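Visitor: Just passing along the structure, written as structure tokens.
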Amino acid sequence: MRTKIFTVLALLLAAVAGCDNASPDEKAPSSCEQGPAVMPAATRYIYMSPAGSDENPGTEAAPVSTLNRVQGILQNERPDSLVVVRIRSDAGAYCGQSVVWNYLKPDRDIIFEAWPDSILASFCRGDADTVFFVLKASAGRATNVHLRRLFVQGYRAGAIWFTGEAGDESGWNGSNSITDCVMEDIGNASEPERHISWSVIDLVNSRHNLIRNCSFVDCANANTNDFPQGGSARAPAEGPNQPIIGVYLAHHSSCNQITGCTFRRVKGDAVRIRDDSNENEISNCSFYQTGWTAVCTMWYQYPQPFLGGGECPSWNNLFHHNHAEGNWLCGEALLFHDMSTEPARRCPRPADGRAYRIRMWANESLPCNRP
């Protein structure tokens, strides 16, 4: 008979350095502060359709066919307005598309949404080892890019990345969102000759983002080994045995929320928090046959030769009201594991004295519910 393990979990987590199991009523106040709200503005609609043409102007009657063409239109016009990209979702899939998005307008939202919204807009990979959508911005301000009701399938290198400057804390982006999206078959599991994917969603120095009601399904790399959770203090850094990460919060990616999401058969850790990524919140999520080292892991590297020096621990993250059924091998899922082994060098603790790395409450973990 399956039993909930709240008591056992509390004992296990109390033994893990940096964990705090205080009740929510005792939760320390957050230092996350949002910037100014996006200003209301007129709306510039651009329409996409699989039957459209990039020779078109992007109107409802004459839609374009690619995200790159949408970006070209905006770079040429630079409208002082809210931008809504309506992606026709009932006329077939958009295959072979990828974009590095760098058109941004301060204080204006840019929304990519399925239209009609009753059907997900489907994107499938082409032949190249590319990530579907990369937001590349490091100006230290909100970027306000929002992806809604998209189905991203078969991309070997990754699905959605919000990328700031890893080695410069001031080079961030943020206030973006990914809502009601499905990421399926991400990674090189079915094509091992292709490059592995580090993560499905990757945040590098990206802050105040919302990932809500998203699904991660059958995401895996072509690993040659299967080892149970706790079998290794840290996953391989690179090579054919690199497990995929569902959501990677790295290099100063703080104050992000992951809520209401479902992770199903993800051959890797669902969430990893790395290098001074603080006050992130993972809540009300479900994890089914997911987790390599654990459902949620934390790590930093010292020294870090690529960033010139070393990384730092992350602090004050929250993990609560989550449900897990089975790790990758279908055993009972370990909810959290701190993979860091090096001491923190020249890394300050939080100024207000809070010293927990992660705070956890009201979670449950069960073995796989197989028929």
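By order of appearance in the structure tokens: chains A, B, ..., then residues from 1 within every chain, and ligands from 1 in the order shown.
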Skip A:Gly96 itself and residues of its chain fewer than 3 positions away, then list as a PyMOL selection string all residues within 9 Å of it, counting only C-alpha atoms.

Guide: chain A and resi 123-128+132

Visitor: Write out, as a compact mmCIF listing (two decimals), in the first residue's frame, the residues just selected, with N, CA and C atoms.

Guide:
# COMPACT_ATOMS: atom_id res chain seq x y z
N PHE A 123 4.77 23.67 -32.79
CA PHE A 123 6.06 23.87 -33.44
C PHE A 123 6.85 22.57 -33.34
N CYS A 124 7.39 22.11 -34.47
CA CYS A 124 8.21 20.89 -34.46
C CYS A 124 9.55 21.20 -35.11
N ARG A 125 10.55 20.49 -34.71
CA ARG A 125 11.93 20.81 -35.11
C ARG A 125 12.16 20.53 -36.59
N GLY A 126 13.20 21.14 -37.10
CA GLY A 126 13.71 20.82 -38.42
C GLY A 126 14.93 19.93 -38.31
N ASP A 127 15.84 20.06 -39.24
CA ASP A 127 17.01 19.19 -39.25
C ASP A 127 18.14 19.70 -38.35
N ALA A 128 18.15 20.98 -38.05
CA ALA A 128 19.27 21.56 -37.30
C ALA A 128 19.12 21.27 -35.80
N PHE A 132 14.29 25.94 -29.86
CA PHE A 132 13.13 26.56 -30.50
C PHE A 132 13.11 28.08 -30.32

Visitor: Which residue gives the smallest distance to A:Trp361 among A:Ser89, A:Asn188, A:Ser283, A:Ser314, with only C-alpha atoms counted?

Guide: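 Of A:Ser89, A:Asn188, A:Ser283, A:Ser314, the one nearest A:Trp361 is A:Ser283, counting only C-alpha atoms.
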
Visitor: Identify, on the basis of only C-alpha atoms, every residue whose closest approach to A:Met39 does not exceed 10 Å; exclude the query and any residue fewer than 6 positions from it along the same chain; express the result as a ChimeraX atom specification.

Guide: /A:81-82,106-109

Visitor: For A:Phe336, list every protein, DNA or RNA residue within 7 Å, evaluated using only C-alpha atoms, and leave out those in the same chain fewer than 3 positions away; present the list as a PDB file with N, CA and C atoms, in the first residue's frame.

Guide:
ATOM      1  N   ALA A 294      17.632  13.987  -8.093  1.00  0.00           N
ATOM      2  CA  ALA A 294      16.444  14.246  -7.275  1.00  0.00           C
ATOM      3  C   ALA A 294      15.471  15.046  -8.121  1.00  0.00           C
ATOM      4  N   VAL A 295      14.273  15.258  -7.613  1.00  0.00           N
ATOM      5  CA  VAL A 295      13.322  16.111  -8.323  1.00  0.00           C
ATOM      6  C   VAL A 295      13.876  17.523  -8.435  1.00  0.00           C
ATOM      7  N   CYS A 296      14.367  18.053  -7.312  1.00  0.00           N
ATOM      8  CA  CYS A 296      14.956  19.386  -7.294  1.00  0.00           C
ATOM      9  C   CYS A 296      16.381  19.277  -6.769  1.00  0.00           C
ATOM     10  N   THR A 297      17.341  19.823  -7.502  1.00  0.00           N
ATOM     11  CA  THR A 297      18.738  19.785  -7.077  1.00  0.00           C
ATOM     12  C   THR A 297      19.309  21.199  -7.027  1.00  0.00           C
TER      13      THR A 297
END

Visitor: So which residues touch stretch 175-185 of chain A within 6 Å, counting only C-alpha atoms, skipping near sequence neighbours fewer than 6 positions away, as a ChimeraX atom specification?

Guide: /A:142,144-154,208-219

Visitor: Would you please extract all strand (DSSP E) residues from stretch 199-333 of chain A, as assigned by DSSP on the backbone, and give them as a VMD selection string?

Guide: chain A and resid 199 to 204 206 to 207 210 to 212 215 to 219 245 to 250 257 to 259 262 to 266 271 to 274 281 to 283 286 to 290 296 to 299 317 to 320 323 to 325

Visitor: Write out as an mmCIF file with N, CA and C atoms, in the first residue's frame the residues lying within 9 Å of A:Arg156, counting only C-alpha atoms and excluding same-chain residues fewer than 2 positions away.

Guide:
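The new file out21.cif reads:
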data_model
loop_
_atom_site.group_PDB
_atom_site.id
_atom_site.type_symbol
_atom_site.label_atom_id
_atom_site.label_comp_id
_atom_site.auth_asym_id
_atom_site.auth_seq_id
_atom_site.Cartn_x
_atom_site.Cartn_y
_atom_site.Cartn_z
ATOM 1 N N ARG A 125 10.552 20.490 -34.709
ATOM 2 C CA ARG A 125 11.926 20.808 -35.114
ATOM 3 C C ARG A 125 12.164 20.525 -36.585
ATOM 4 N N ALA A 128 18.152 20.983 -38.049
ATOM 5 C CA ALA A 128 19.266 21.556 -37.298
ATOM 6 C C ALA A 128 19.122 21.273 -35.804
ATOM 7 N N ASP A 129 20.269 21.225 -35.107
ATOM 8 C CA ASP A 129 20.279 21.061 -33.652
ATOM 9 C C ASP A 129 20.126 22.437 -33.012
ATOM 10 N N THR A 130 18.917 22.962 -33.016
ATOM 11 C CA THR A 130 18.673 24.304 -32.516
ATOM 12 C C THR A 130 17.659 24.273 -31.387
ATOM 13 N N VAL A 131 17.688 25.307 -30.551
ATOM 14 C CA VAL A 131 16.660 25.535 -29.542
ATOM 15 C C VAL A 131 15.509 26.265 -30.227
ATOM 16 N N GLY A 154 9.987 17.820 -30.184
ATOM 17 C CA GLY A 154 11.047 17.184 -30.957
ATOM 18 C C GLY A 154 12.340 17.962 -31.086
ATOM 19 N N GLY A 158 16.890 21.857 -27.071
ATOM 20 C CA GLY A 158 16.178 22.521 -25.998
ATOM 21 C C GLY A 158 14.946 23.219 -26.534
ATOM 22 N N ALA A 159 14.064 23.656 -25.618
ATOM 23 C CA ALA A 159 12.801 24.264 -26.030
ATOM 24 C C ALA A 159 12.839 25.790 -25.927
ATOM 25 N N ASP A 185 9.183 15.485 -25.980
ATOM 26 C CA ASP A 185 10.258 14.863 -26.761
ATOM 27 C C ASP A 185 11.397 15.852 -27.007
ATOM 28 N N ILE A 186 11.881 16.456 -25.930
ATOM 29 C CA ILE A 186 13.035 17.349 -26.000
ATOM 30 C C ILE A 186 14.260 16.553 -25.565
ATOM 31 N N GLY A 187 15.381 16.722 -26.259
ATOM 32 C CA GLY A 187 16.589 15.943 -25.987
ATOM 33 C C GLY A 187 16.897 14.990 -27.128
ATOM 34 N N ASN A 188 18.051 14.334 -27.050
ATOM 35 C CA ASN A 188 18.506 13.511 -28.176
ATOM 36 C C ASN A 188 18.278 12.020 -27.962
ATOM 37 N N ALA A 189 17.324 11.641 -27.110
ATOM 38 C CA ALA A 189 17.116 10.233 -26.782
ATOM 39 C C ALA A 189 16.865 9.367 -28.008
ATOM 40 N N GLU A 191 17.678 10.214 -31.127
ATOM 41 C CA GLU A 191 18.701 10.456 -32.131
ATOM 42 C C GLU A 191 20.043 10.719 -31.431
ATOM 43 N N ARG A 194 22.908 13.195 -32.408
ATOM 44 C CA ARG A 194 22.791 14.634 -32.261
ATOM 45 C C ARG A 194 23.320 15.074 -30.896
ATOM 46 N N HIS A 195 23.559 16.373 -30.760
ATOM 47 C CA HIS A 195 24.083 16.903 -29.505
ATOM 48 C C HIS A 195 23.024 16.802 -28.410
ATOM 49 N N ILE A 196 23.477 16.594 -27.178
ATOM 50 C CA ILE A 196 22.554 16.517 -26.061
ATOM 51 C C ILE A 196 21.909 17.878 -25.794
ATOM 52 N N SER A 197 20.820 17.857 -25.055
ATOM 53 C CA SER A 197 20.200 19.080 -24.563
ATOM 54 C C SER A 197 20.543 19.242 -23.092
ATOM 55 N N ASN A 221 17.840 12.638 -22.757
ATOM 56 C CA ASN A 221 19.003 12.452 -23.620
ATOM 57 C C ASN A 221 19.310 10.966 -23.743
#

Visitor: List the neighbours of A:Pro79 out to 12 Å using only C-alpha atoms; skip same-chain residues closer than 3 positions along the sequence, and give me the result as a list in words.

Guide: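 What passes the distance filter is Ala41, Ala42, Thr43, Arg44, Tyr45, Ile46, Gln71, Ile73, Leu74, Gln75, Asn76, Leu82, Val83, Val84, Tyr103, Leu104, Lys105, Pro106, Arg108, Asp109 and Ile110 of chain A.
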